[in-house]
Structures are given as C-alpha cells and as structure tokens.
file query.txt (compact mmCIF, N, CA and C atoms and all ligand atoms)
# COMPACT_ATOMS: atom_id res chain seq x y z
N MET A 1 90.63 80.10 114.67
CA MET A 1 89.95 81.01 113.73
C MET A 1 90.77 82.31 113.64
N LYS A 2 91.08 82.71 112.40
CA LYS A 2 91.89 83.93 112.22
C LYS A 2 91.04 85.05 111.61
N ILE A 3 91.06 86.19 112.26
CA ILE A 3 90.24 87.32 111.80
C ILE A 3 91.14 88.54 111.56
N LEU A 4 90.95 89.12 110.39
CA LEU A 4 91.69 90.33 110.02
C LEU A 4 90.82 91.56 110.32
N VAL A 5 91.40 92.51 111.05
CA VAL A 5 90.67 93.74 111.42
C VAL A 5 91.29 94.90 110.65
N ILE A 6 90.50 95.51 109.75
CA ILE A 6 91.01 96.59 108.90
C ILE A 6 90.35 97.91 109.29
N ASN A 7 91.18 98.91 109.50
CA ASN A 7 90.67 100.27 109.74
C ASN A 7 91.17 101.20 108.64
N GLY A 8 90.25 101.98 108.09
CA GLY A 8 90.55 102.85 106.97
C GLY A 8 91.04 104.23 107.37
N PRO A 9 90.96 105.19 106.44
CA PRO A 9 91.60 106.49 106.59
C PRO A 9 91.11 107.30 107.79
N ASN A 10 92.08 107.95 108.41
CA ASN A 10 91.86 108.87 109.54
C ASN A 10 91.51 108.18 110.85
N LEU A 11 91.37 106.86 110.82
CA LEU A 11 91.05 106.17 112.07
C LEU A 11 92.29 106.07 112.97
N ASN A 12 93.48 106.30 112.38
CA ASN A 12 94.69 106.42 113.21
C ASN A 12 94.66 107.69 114.06
N MET A 13 93.72 108.60 113.74
CA MET A 13 93.61 109.86 114.48
C MET A 13 92.55 109.79 115.61
N LEU A 14 91.96 108.61 115.78
CA LEU A 14 90.92 108.48 116.82
C LEU A 14 91.49 108.90 118.17
N GLY A 15 90.62 109.53 118.95
CA GLY A 15 91.08 110.06 120.24
C GLY A 15 91.20 111.57 120.15
N LYS A 16 91.81 112.02 119.01
CA LYS A 16 91.98 113.47 118.79
C LYS A 16 90.96 113.97 117.79
N ARG A 17 90.52 113.08 116.90
CA ARG A 17 89.70 113.47 115.75
C ARG A 17 88.22 113.62 116.13
N GLU A 18 87.66 114.83 115.94
CA GLU A 18 86.23 115.09 116.18
C GLU A 18 85.69 114.22 117.34
N PRO A 19 86.21 114.45 118.56
CA PRO A 19 85.81 113.57 119.67
C PRO A 19 84.31 113.60 119.97
N GLU A 20 83.65 114.73 119.59
CA GLU A 20 82.21 114.80 119.85
C GLU A 20 81.45 113.79 118.98
N ILE A 21 82.06 113.36 117.88
CA ILE A 21 81.43 112.34 117.02
C ILE A 21 82.01 110.95 117.29
N TYR A 22 83.35 110.89 117.36
CA TYR A 22 83.99 109.56 117.41
C TYR A 22 84.47 109.15 118.79
N GLY A 23 84.29 110.05 119.79
CA GLY A 23 84.71 109.70 121.14
C GLY A 23 86.20 109.94 121.35
N THR A 24 86.68 109.55 122.51
CA THR A 24 88.08 109.83 122.87
C THR A 24 88.92 108.55 122.91
N THR A 25 88.31 107.43 122.55
CA THR A 25 89.05 106.16 122.55
C THR A 25 89.99 106.13 121.35
N THR A 26 91.23 105.72 121.57
CA THR A 26 92.19 105.63 120.47
C THR A 26 92.07 104.28 119.75
N ILE A 27 92.69 104.21 118.58
CA ILE A 27 92.64 102.94 117.83
C ILE A 27 93.38 101.84 118.60
N GLU A 28 94.43 102.21 119.31
CA GLU A 28 95.17 101.21 120.11
C GLU A 28 94.26 100.66 121.22
N GLU A 29 93.46 101.54 121.82
CA GLU A 29 92.55 101.08 122.88
C GLU A 29 91.46 100.17 122.31
N ILE A 30 90.99 100.50 121.11
CA ILE A 30 89.98 99.63 120.48
C ILE A 30 90.59 98.26 120.17
N GLU A 31 91.83 98.27 119.64
CA GLU A 31 92.49 96.99 119.32
C GLU A 31 92.70 96.16 120.59
N LYS A 32 93.08 96.82 121.68
CA LYS A 32 93.30 96.09 122.95
C LYS A 32 91.97 95.51 123.46
N ALA A 33 90.90 96.31 123.33
CA ALA A 33 89.58 95.82 123.78
C ALA A 33 89.16 94.60 122.95
N LEU A 34 89.50 94.61 121.66
CA LEU A 34 89.17 93.46 120.80
C LEU A 34 89.97 92.23 121.21
N VAL A 35 91.26 92.44 121.48
CA VAL A 35 92.12 91.31 121.90
C VAL A 35 91.57 90.72 123.20
N ASP A 36 91.22 91.59 124.16
CA ASP A 36 90.69 91.11 125.45
C ASP A 36 89.39 90.34 125.23
N TYR A 37 88.51 90.90 124.38
CA TYR A 37 87.21 90.26 124.14
C TYR A 37 87.38 88.94 123.39
N ALA A 38 88.38 88.88 122.52
CA ALA A 38 88.62 87.65 121.74
C ALA A 38 88.92 86.48 122.66
N HIS A 39 89.45 86.77 123.87
CA HIS A 39 89.76 85.68 124.81
C HIS A 39 88.50 84.96 125.28
N SER A 40 87.33 85.61 125.15
CA SER A 40 86.12 84.91 125.59
C SER A 40 85.64 83.87 124.58
N PHE A 41 86.30 83.82 123.41
CA PHE A 41 85.97 82.78 122.43
C PHE A 41 87.15 81.81 122.38
N SER A 42 86.87 80.59 121.95
CA SER A 42 88.00 79.65 121.91
C SER A 42 88.80 79.87 120.62
N ALA A 43 90.12 80.09 120.81
CA ALA A 43 91.06 80.14 119.70
C ALA A 43 90.72 81.14 118.60
N VAL A 44 90.45 82.37 119.00
CA VAL A 44 90.28 83.44 118.00
C VAL A 44 91.55 84.29 117.98
N GLU A 45 92.15 84.37 116.80
CA GLU A 45 93.39 85.14 116.62
C GLU A 45 93.08 86.38 115.78
N LEU A 46 93.59 87.53 116.20
CA LEU A 46 93.30 88.77 115.47
C LEU A 46 94.58 89.34 114.88
N GLU A 47 94.46 89.89 113.67
CA GLU A 47 95.56 90.70 113.10
C GLU A 47 94.98 92.06 112.74
N PHE A 48 95.75 93.12 113.01
CA PHE A 48 95.26 94.48 112.79
C PHE A 48 96.00 95.16 111.65
N PHE A 49 95.24 95.96 110.88
CA PHE A 49 95.83 96.70 109.76
C PHE A 49 95.09 98.02 109.64
N GLN A 50 95.85 99.12 109.58
CA GLN A 50 95.23 100.43 109.34
C GLN A 50 95.96 101.08 108.18
N SER A 51 95.19 101.70 107.27
CA SER A 51 95.83 102.42 106.17
C SER A 51 94.96 103.61 105.77
N ASN A 52 95.65 104.64 105.31
CA ASN A 52 94.96 105.82 104.78
C ASN A 52 94.85 105.75 103.26
N HIS A 53 95.25 104.59 102.67
CA HIS A 53 95.34 104.47 101.21
C HIS A 53 94.42 103.36 100.69
N GLU A 54 93.58 103.71 99.75
CA GLU A 54 92.58 102.76 99.22
C GLU A 54 93.24 101.51 98.65
N GLY A 55 94.29 101.70 97.81
CA GLY A 55 94.95 100.55 97.17
C GLY A 55 95.57 99.59 98.17
N GLU A 56 96.12 100.15 99.26
CA GLU A 56 96.71 99.27 100.30
C GLU A 56 95.62 98.44 100.96
N ILE A 57 94.46 99.04 101.15
CA ILE A 57 93.35 98.28 101.77
C ILE A 57 92.89 97.18 100.82
N VAL A 58 92.78 97.51 99.52
CA VAL A 58 92.41 96.50 98.52
C VAL A 58 93.41 95.34 98.56
N GLU A 59 94.71 95.67 98.58
CA GLU A 59 95.74 94.62 98.57
C GLU A 59 95.69 93.78 99.85
N LYS A 60 95.42 94.42 100.97
CA LYS A 60 95.33 93.67 102.24
C LYS A 60 94.15 92.70 102.19
N ILE A 61 93.02 93.15 101.66
CA ILE A 61 91.85 92.26 101.56
C ILE A 61 92.20 91.09 100.64
N GLN A 62 92.83 91.37 99.50
CA GLN A 62 93.21 90.29 98.58
C GLN A 62 94.13 89.28 99.26
N SER A 63 95.05 89.78 100.09
CA SER A 63 96.03 88.89 100.73
C SER A 63 95.38 88.03 101.83
N ALA A 64 94.15 88.35 102.20
CA ALA A 64 93.47 87.58 103.26
C ALA A 64 92.98 86.23 102.76
N LEU A 65 92.89 86.08 101.44
CA LEU A 65 92.39 84.83 100.86
C LEU A 65 93.27 83.66 101.30
N ASN A 66 92.65 82.61 101.80
CA ASN A 66 93.34 81.40 102.31
C ASN A 66 94.20 81.66 103.55
N MET A 67 94.15 82.85 104.09
CA MET A 67 94.95 83.18 105.28
C MET A 67 94.04 83.46 106.49
N PHE A 68 92.86 83.99 106.23
CA PHE A 68 91.95 84.38 107.31
C PHE A 68 90.57 83.74 107.10
N ASP A 69 89.84 83.60 108.22
CA ASP A 69 88.49 83.04 108.15
C ASP A 69 87.44 84.12 107.99
N GLY A 70 87.81 85.37 108.30
CA GLY A 70 86.84 86.45 108.19
C GLY A 70 87.51 87.79 108.38
N ILE A 71 86.76 88.85 108.06
CA ILE A 71 87.30 90.21 108.12
C ILE A 71 86.32 91.12 108.86
N LEU A 72 86.88 91.96 109.74
CA LEU A 72 86.13 93.09 110.30
C LEU A 72 86.70 94.33 109.64
N ILE A 73 85.85 95.19 109.12
CA ILE A 73 86.38 96.38 108.43
C ILE A 73 85.58 97.63 108.77
N ASN A 74 86.32 98.68 109.16
CA ASN A 74 85.75 100.02 109.18
C ASN A 74 86.42 100.76 108.03
N PRO A 75 85.75 100.84 106.87
CA PRO A 75 86.38 101.48 105.71
C PRO A 75 86.43 103.00 105.82
N ALA A 76 85.87 103.55 106.90
CA ALA A 76 85.84 105.00 107.14
C ALA A 76 85.26 105.72 105.92
N ALA A 77 85.90 106.80 105.45
CA ALA A 77 85.30 107.58 104.35
C ALA A 77 85.19 106.76 103.07
N TYR A 78 86.04 105.73 102.91
CA TYR A 78 85.95 104.89 101.69
C TYR A 78 84.64 104.12 101.61
N THR A 79 83.97 103.98 102.76
CA THR A 79 82.64 103.36 102.76
C THR A 79 81.76 103.99 101.69
N HIS A 80 81.87 105.32 101.59
CA HIS A 80 80.92 106.09 100.78
C HIS A 80 81.42 106.35 99.37
N THR A 81 82.63 105.87 99.06
CA THR A 81 83.21 106.18 97.74
C THR A 81 83.81 104.98 97.02
N SER A 82 84.16 103.91 97.76
CA SER A 82 85.06 102.92 97.15
C SER A 82 84.37 101.68 96.57
N VAL A 83 84.17 101.72 95.26
CA VAL A 83 83.72 100.52 94.54
C VAL A 83 84.81 99.46 94.66
N ALA A 84 86.09 99.89 94.64
CA ALA A 84 87.22 98.95 94.64
C ALA A 84 87.28 98.12 95.93
N ILE A 85 87.02 98.74 97.06
CA ILE A 85 87.06 97.97 98.32
C ILE A 85 85.88 97.00 98.38
N GLY A 86 84.71 97.46 97.95
CA GLY A 86 83.55 96.55 97.88
C GLY A 86 83.83 95.37 96.96
N ASP A 87 84.44 95.63 95.82
CA ASP A 87 84.78 94.55 94.87
C ASP A 87 85.80 93.59 95.45
N ALA A 88 86.77 94.12 96.20
CA ALA A 88 87.81 93.26 96.80
C ALA A 88 87.18 92.31 97.82
N ILE A 89 86.24 92.82 98.61
CA ILE A 89 85.55 91.96 99.60
C ILE A 89 84.79 90.85 98.87
N LYS A 90 84.11 91.24 97.77
CA LYS A 90 83.38 90.22 96.99
C LYS A 90 84.35 89.21 96.39
N ALA A 91 85.52 89.71 95.94
CA ALA A 91 86.48 88.84 95.25
C ALA A 91 87.01 87.74 96.16
N VAL A 92 87.31 88.06 97.43
CA VAL A 92 87.87 87.04 98.32
C VAL A 92 86.78 86.15 98.91
N ASN A 93 85.54 86.66 98.88
CA ASN A 93 84.40 85.87 99.33
C ASN A 93 84.56 85.34 100.77
N LEU A 94 85.16 86.19 101.63
CA LEU A 94 85.27 85.84 103.05
C LEU A 94 84.16 86.57 103.80
N PRO A 95 83.62 85.95 104.87
CA PRO A 95 82.61 86.67 105.64
C PRO A 95 83.22 87.93 106.25
N CYS A 96 82.51 89.03 106.08
CA CYS A 96 83.05 90.33 106.45
C CYS A 96 81.95 91.13 107.15
N VAL A 97 82.29 91.80 108.24
CA VAL A 97 81.32 92.68 108.92
C VAL A 97 81.82 94.11 108.85
N GLU A 98 80.94 95.00 108.39
CA GLU A 98 81.30 96.43 108.31
C GLU A 98 80.98 97.11 109.64
N ILE A 99 81.90 97.95 110.07
CA ILE A 99 81.78 98.61 111.38
C ILE A 99 81.84 100.12 111.21
N HIS A 100 81.02 100.83 111.97
CA HIS A 100 81.17 102.28 112.11
C HIS A 100 80.99 102.67 113.57
N LEU A 101 81.84 103.58 114.01
CA LEU A 101 81.71 104.11 115.37
C LEU A 101 80.43 104.93 115.50
N SER A 102 80.20 105.78 114.49
CA SER A 102 79.05 106.68 114.51
C SER A 102 77.88 106.02 113.78
N ASN A 103 76.69 106.55 114.04
CA ASN A 103 75.50 106.06 113.32
C ASN A 103 75.42 106.78 111.98
N ILE A 104 75.93 106.15 110.94
CA ILE A 104 76.03 106.82 109.64
C ILE A 104 74.65 107.16 109.06
N GLN A 105 73.60 106.52 109.56
CA GLN A 105 72.25 106.81 109.05
C GLN A 105 71.70 108.11 109.63
N SER A 106 72.29 108.61 110.72
CA SER A 106 71.75 109.82 111.34
C SER A 106 72.62 111.04 111.06
N ARG A 107 73.56 110.88 110.09
CA ARG A 107 74.47 111.99 109.80
C ARG A 107 74.17 112.59 108.42
N GLU A 108 75.19 113.15 107.75
CA GLU A 108 74.96 113.78 106.44
C GLU A 108 74.42 112.73 105.44
N GLU A 109 73.68 113.22 104.43
CA GLU A 109 73.09 112.32 103.42
C GLU A 109 74.14 111.41 102.78
N PHE A 110 75.33 111.97 102.44
CA PHE A 110 76.30 111.17 101.70
C PHE A 110 76.82 109.99 102.50
N ARG A 111 76.67 110.06 103.83
CA ARG A 111 77.17 108.94 104.65
C ARG A 111 76.17 107.79 104.70
N LYS A 112 74.96 108.01 104.21
CA LYS A 112 73.94 106.95 104.30
C LYS A 112 74.20 105.84 103.30
N ASN A 113 74.95 106.15 102.23
CA ASN A 113 75.24 105.10 101.24
C ASN A 113 76.57 104.42 101.56
N SER A 114 76.56 103.10 101.46
CA SER A 114 77.80 102.33 101.62
C SER A 114 78.03 101.47 100.38
N PHE A 115 79.23 101.62 99.78
CA PHE A 115 79.61 100.77 98.65
C PHE A 115 80.15 99.43 99.14
N THR A 116 80.44 99.35 100.42
CA THR A 116 81.07 98.14 100.96
C THR A 116 80.07 97.22 101.67
N ALA A 117 79.04 97.80 102.29
CA ALA A 117 78.09 96.97 103.06
C ALA A 117 77.43 95.87 102.24
N PRO A 118 77.09 96.10 100.95
CA PRO A 118 76.45 95.01 100.19
C PRO A 118 77.36 93.79 100.01
N ALA A 119 78.66 93.98 100.17
CA ALA A 119 79.59 92.84 100.04
C ALA A 119 79.79 92.13 101.38
N CYS A 120 79.21 92.70 102.46
CA CYS A 120 79.42 92.17 103.81
C CYS A 120 78.21 91.34 104.26
N ILE A 121 78.43 90.53 105.30
CA ILE A 121 77.28 89.77 105.83
C ILE A 121 76.42 90.67 106.71
N GLY A 122 76.98 91.77 107.20
CA GLY A 122 76.19 92.69 108.01
C GLY A 122 76.99 93.94 108.34
N GLN A 123 76.28 94.91 108.93
CA GLN A 123 76.92 96.19 109.29
C GLN A 123 76.49 96.56 110.71
N ILE A 124 77.44 97.04 111.52
CA ILE A 124 77.11 97.52 112.87
C ILE A 124 77.63 98.94 113.01
N ALA A 125 76.74 99.85 113.37
CA ALA A 125 77.11 101.27 113.40
C ALA A 125 76.45 101.96 114.58
N GLY A 126 77.19 102.91 115.16
CA GLY A 126 76.55 103.81 116.12
C GLY A 126 76.89 103.56 117.57
N PHE A 127 77.70 102.55 117.85
CA PHE A 127 77.96 102.18 119.24
C PHE A 127 79.39 102.44 119.69
N GLY A 128 80.09 103.31 118.96
CA GLY A 128 81.47 103.63 119.34
C GLY A 128 82.32 102.37 119.36
N LYS A 129 83.18 102.28 120.38
CA LYS A 129 84.07 101.11 120.52
C LYS A 129 83.27 99.80 120.53
N ASN A 130 82.08 99.85 121.11
CA ASN A 130 81.28 98.62 121.20
C ASN A 130 80.80 98.12 119.84
N SER A 131 80.81 98.99 118.81
CA SER A 131 80.48 98.49 117.46
C SER A 131 81.48 97.41 117.06
N TYR A 132 82.76 97.62 117.43
CA TYR A 132 83.80 96.64 117.08
C TYR A 132 83.59 95.33 117.84
N LEU A 133 83.24 95.45 119.13
CA LEU A 133 83.08 94.24 119.94
C LEU A 133 81.86 93.45 119.48
N ALA A 134 80.78 94.17 119.18
CA ALA A 134 79.57 93.49 118.69
C ALA A 134 79.85 92.81 117.35
N ALA A 135 80.62 93.49 116.51
CA ALA A 135 80.94 92.92 115.18
C ALA A 135 81.78 91.66 115.34
N LEU A 136 82.72 91.67 116.30
CA LEU A 136 83.55 90.47 116.52
C LEU A 136 82.66 89.31 116.96
N PHE A 137 81.75 89.58 117.91
CA PHE A 137 80.83 88.53 118.37
C PHE A 137 80.05 87.95 117.18
N CYS A 138 79.48 88.84 116.37
CA CYS A 138 78.62 88.39 115.25
C CYS A 138 79.44 87.60 114.22
N LEU A 139 80.66 88.07 113.94
CA LEU A 139 81.48 87.38 112.93
C LEU A 139 81.90 85.99 113.43
N VAL A 140 82.34 85.91 114.70
CA VAL A 140 82.76 84.61 115.26
C VAL A 140 81.58 83.63 115.22
N LYS A 141 80.41 84.08 115.66
CA LYS A 141 79.23 83.19 115.65
C LYS A 141 78.89 82.76 114.23
N HIS A 142 79.01 83.68 113.30
CA HIS A 142 78.72 83.34 111.89
C HIS A 142 79.69 82.27 111.38
N ILE A 143 80.99 82.48 111.63
CA ILE A 143 82.00 81.53 111.12
C ILE A 143 81.80 80.16 111.78
N GLU A 144 81.49 80.17 113.10
CA GLU A 144 81.27 78.89 113.79
C GLU A 144 80.09 78.13 113.20
N SER A 145 79.13 78.87 112.64
CA SER A 145 77.93 78.22 112.13
C SER A 145 78.11 77.68 110.72
N LEU A 146 79.26 77.96 110.09
CA LEU A 146 79.45 77.53 108.69
C LEU A 146 79.71 76.03 108.58
C1 LIG B 201 83.15 106.21 110.18
C2 LIG B 201 82.02 106.96 109.47
C3 LIG B 201 82.49 107.52 108.14
O1 LIG B 201 81.44 108.24 107.51
C4 LIG B 201 83.65 108.48 108.36
O2 LIG B 201 84.14 108.96 107.11
C5 LIG B 201 84.73 107.90 109.18
C6 LIG B 201 84.38 107.07 110.33
C7 LIG B 201 82.73 105.74 111.58
O3 LIG B 201 83.39 104.85 112.10
O4 LIG B 201 81.77 106.26 112.15
O5 LIG B 201 85.91 108.16 108.95
O6 LIG B 201 83.47 105.06 109.41

call {"tool": "encode", "arguments": {"input": "query.txt", "output": "structure tokens"}}
result
Amino acid sequence: MKILVINGPNLNMLGKREPEIYGTTTIEEIEKALVDYAHSFSAVELEFFQSNHEGEIVEKIQSALNMFDGILINPAAYTHTSVAIGDAIKAVNLPCVEIHLSNIQSREEFRKNSFTAPACIGQIAGFGKNSYLAALFCLVKHIESL
C-alpha cells in the first residue's frame, strides 16, 4: 500500500514556528515518526512532499492518480482558502485524510472552515504529531476495508 503525505505552507518551519501552538517537533521528526509507525502495518510505503505553493500541491495530488492508494494531507493555511486543492482531491478520487496539528475549531473563526475536508474521508485535528499517526492508522484501515 502506497501513501502520499503532503504538508502545505509554513510546515517546513515546524519546531521554530509559533511553538506555543504547533509544538517543537520538526517536520523531519513527524516524518520519521510516521515511517516508524508505518512498520506496525504490513507493507505500507510512505512518500513525503512539502510545498509552500498551492499549484505545486495541486500538481502533486494530480500525479498521485494510479500511483498511490491514499493521501494524508495537512493543507495548512490553504485549508481555509483553496478551492483548487479541494477540487484536486475530488478529481483523483483517492481516499484522503485531512490533518491539523492544532484544533482548528478552537481557534480564530476563519480557521473553522475547510475547503478541503469535504473532499476527504475524514479530518483529525488537535493532537499535534499524534494527529498524523492517528490519520495514518485511519487511512490504512480504510484502504484495507475497500
Ligand atoms: C494547521 C492549521 C492552519 O490553520 C494553519 O494555517 C497551519 C497549520 C495545523 O496543522 O494546525 O499552517 O494546518
């Protein structure tokens, strides 16, 4: 099973960026934790992609068609603005789980809306690094059940 993990803008700054909200874990540490956790499932392969550019994320999602079984995505600020990323997820029709480190429902009003979550099978938010691990568990179980 091949899973594409996409991280959106400013997530390359994790560790330094607003640690009181996003914690001190870096994106490399999150990716390593995912790789380690993936070993508890049989034959799960992960590929990682981070971009600060909306179009690059759209193109990466498009390129996942026929290449991956599912997508984990933290669209970061594009969650709240990007019709294009939501449309790309719908276009490839791959099972996708939306991830947020912070609980977007308990923050500013504008963060409560997601343009991408309606295209996903589910959303996990508020558990820091563990949001990613929980999302991997849920996506693997979902794909296995297909
Ligand atoms: C985020 C939440 C977004 O609102 C924010 O713009 C981010 C990170 C999160 O993981 O909590 O960049 O996606």

call {"tool": "closest_residue", "arguments": {"input": "query.txt", "among": "A:Thr79, A:Gln62, A:Thr116, A:Ser145", "to": "ligand LIG 201 (chain B)", "atoms": "only C-alpha atoms and all ligand atoms"}}
result
A:Thr79

call {"tool": "closest_atom_pairs", "arguments": {"input": "query.txt", "of": "chain A", "to": "ligand LIG 201 (chain B)", "cutoff": "7 Å", "atoms": "only N, CA and C atoms and all ligand atoms", "output": "CSV"}}
result
residue,atom,partner,partner_atom,distance
A:Gly8,C,B:LIG201,O5,6.7
A:Pro9,C,B:LIG201,O5,5.4
A:Asn10,C,B:LIG201,O5,5.9
A:Leu11,N,B:LIG201,O5,5.9
A:Ile21,C,B:LIG201,O4,7.0
A:Tyr22,CA,B:LIG201,O4,6.6
A:Asn74,C,B:LIG201,O6,5.4
A:Pro75,C,B:LIG201,O6,5.1
A:Ala76,CA,B:LIG201,O6,3.3
A:Ala77,N,B:LIG201,O2,3.2
A:Tyr78,N,B:LIG201,O2,5.6
A:Thr79,N,B:LIG201,C3,6.6
A:His80,N,B:LIG201,O1,6.6
A:Ile99,C,B:LIG201,O3,5.1
A:His100,CA,B:LIG201,O3,3.4
A:Leu101,N,B:LIG201,O3,2.8
A:Ser102,N,B:LIG201,O4,2.9
A:Asn103,N,B:LIG201,O4,5.4
A:Ile104,N,B:LIG201,O4,6.0
A:Arg111,CA,B:LIG201,O1,5.2
A:Ala125,CA,B:LIG201,O4,6.9
A:Gly126,N,B:LIG201,O4,6.4

call {"tool": "closest_residue", "arguments": {"input": "query.txt", "among": "A:Arg107, A:Ala119, A:Leu14, A:Leu72", "to": "Ile85 in chain A", "atoms": "only N, CA and C atoms"}}
result
A:Ala119

call {"tool": "atom_distance", "arguments": {"input": "query.txt", "atom1": "CA of Ile124 in chain A", "atom2": "atom N of Glu56 in chain A"}}
result
23.5 Å

call {"tool": "atom_distance", "arguments": {"input": "query.txt", "atom1": "CA of His142 in chain A", "atom2": "CA of Lys112 in chain A"}}
result
25.3 Å

call {"tool": "atom_distance", "arguments": {"input": "query.txt", "atom1": "CA of Gly23 in chain A", "atom2": "CA of Ala117 in chain A"}}
result
23.1 Å

call {"tool": "select_by_dssp", "arguments": {"input": "query.txt", "residues": "range 16-138 of chain A", "states": "helix (DSSP H, G or I)", "output": "ChimeraX atom specification"}}
result
/A:19-22,27-38,54-63,76-80,83-92,104-106,109-112,117-119,129-138

call {"tool": "select_by_dssp", "arguments": {"input": "query.txt", "residues": "chain A", "states": "strand (DSSP E or B)", "output": "list of chain:residue names"}}
result
A:Lys2, A:Ile3, A:Leu4, A:Val5, A:Ile6, A:Asn7, A:Glu45, A:Leu46, A:Glu47, A:Phe48, A:Phe49, A:Gln50, A:Gly70, A:Ile71, A:Leu72, A:Ile73, A:Asn74, A:Cys96, A:Val97, A:Glu98, A:Ile99, A:His100, A:Gly122, A:Gln123, A:Ile124, A:Ala125

call {"tool": "closest_residue", "arguments": {"input": "query.txt", "among": "A:Leu146, A:Gly15, A:Ile3, A:Ile30", "to": "Gly70 in chain A", "atoms": "all atoms listed in the file"}}
result
A:Ile3

call {"tool": "build_atoms", "arguments": {"input": "query.txt", "residues": "range 87-94 of chain A", "atoms": "all heavy atoms", "output": "JSON list (two decimals), keeping the file's coordinate frame"}}
result
[["chain", "number", "residue", "atom", "x", "y", "z"],
["A", 87, "ASP", "N", 84.44, 95.63, 95.82],
["A", 87, "ASP", "CA", 84.78, 94.55, 94.87],
["A", 87, "ASP", "C", 85.80, 93.59, 95.45],
["A", 87, "ASP", "O", 85.73, 92.38, 95.22],
["A", 87, "ASP", "CB", 85.33, 95.14, 93.55],
["A", 87, "ASP", "CG", 84.24, 95.68, 92.64],
["A", 87, "ASP", "OD1", 83.05, 95.48, 92.96],
["A", 87, "ASP", "OD2", 84.59, 96.30, 91.62],
["A", 88, "ALA", "N", 86.77, 94.12, 96.20],
["A", 88, "ALA", "CA", 87.81, 93.26, 96.80],
["A", 88, "ALA", "C", 87.18, 92.31, 97.82],
["A", 88, "ALA", "O", 87.53, 91.12, 97.88],
["A", 88, "ALA", "CB", 88.89, 94.11, 97.46],
["A", 89, "ILE", "N", 86.24, 92.82, 98.61],
["A", 89, "ILE", "CA", 85.55, 91.96, 99.60],
["A", 89, "ILE", "C", 84.79, 90.85, 98.87],
["A", 89, "ILE", "O", 84.85, 89.68, 99.25],
["A", 89, "ILE", "CB", 84.60, 92.80, 100.50],
["A", 89, "ILE", "CG1", 85.40, 93.80, 101.34],
["A", 89, "ILE", "CG2", 83.78, 91.89, 101.40],
["A", 89, "ILE", "CD1", 84.55, 94.86, 102.04],
["A", 90, "LYS", "N", 84.11, 91.24, 97.77],
["A", 90, "LYS", "CA", 83.38, 90.22, 96.99],
["A", 90, "LYS", "C", 84.35, 89.21, 96.39],
["A", 90, "LYS", "O", 84.07, 88.02, 96.32],
["A", 90, "LYS", "CB", 82.58, 90.87, 95.87],
["A", 90, "LYS", "CG", 81.34, 91.60, 96.36],
["A", 90, "LYS", "CD", 80.54, 92.11, 95.17],
["A", 90, "LYS", "CE", 79.51, 93.12, 95.62],
["A", 90, "LYS", "NZ", 79.25, 94.16, 94.63],
["A", 91, "ALA", "N", 85.52, 89.71, 95.94],
["A", 91, "ALA", "CA", 86.48, 88.84, 95.25],
["A", 91, "ALA", "C", 87.01, 87.74, 96.16],
["A", 91, "ALA", "O", 87.16, 86.60, 95.73],
["A", 91, "ALA", "CB", 87.64, 89.68, 94.70],
["A", 92, "VAL", "N", 87.31, 88.06, 97.43],
["A", 92, "VAL", "CA", 87.87, 87.04, 98.32],
["A", 92, "VAL", "C", 86.78, 86.15, 98.91],
["A", 92, "VAL", "O", 87.06, 85.06, 99.40],
["A", 92, "VAL", "CB", 88.75, 87.64, 99.45],
["A", 92, "VAL", "CG1", 89.98, 88.31, 98.86],
["A", 92, "VAL", "CG2", 87.98, 88.59, 100.34],
["A", 93, "ASN", "N", 85.54, 86.66, 98.88],
["A", 93, "ASN", "CA", 84.40, 85.87, 99.33],
["A", 93, "ASN", "C", 84.56, 85.34, 100.77],
["A", 93, "ASN", "O", 84.20, 84.21, 101.06],
["A", 93, "ASN", "CB", 84.17, 84.71, 98.34],
["A", 93, "ASN", "CG", 82.78, 84.12, 98.49],
["A", 93, "ASN", "OD1", 81.86, 84.80, 98.92],
["A", 93, "ASN", "ND2", 82.65, 82.84, 98.17],
["A", 94, "LEU", "N", 85.16, 86.19, 101.63],
["A", 94, "LEU", "CA", 85.27, 85.84, 103.05],
["A", 94, "LEU", "C", 84.16, 86.57, 103.80],
["A", 94, "LEU", "O", 83.80, 87.69, 103.43],
["A", 94, "LEU", "CB", 86.61, 86.32, 103.61],
["A", 94, "LEU", "CG", 87.85, 85.53, 103.20],
["A", 94, "LEU", "CD1", 89.11, 86.28, 103.61],
["A", 94, "LEU", "CD2", 87.82, 84.14, 103.83]]
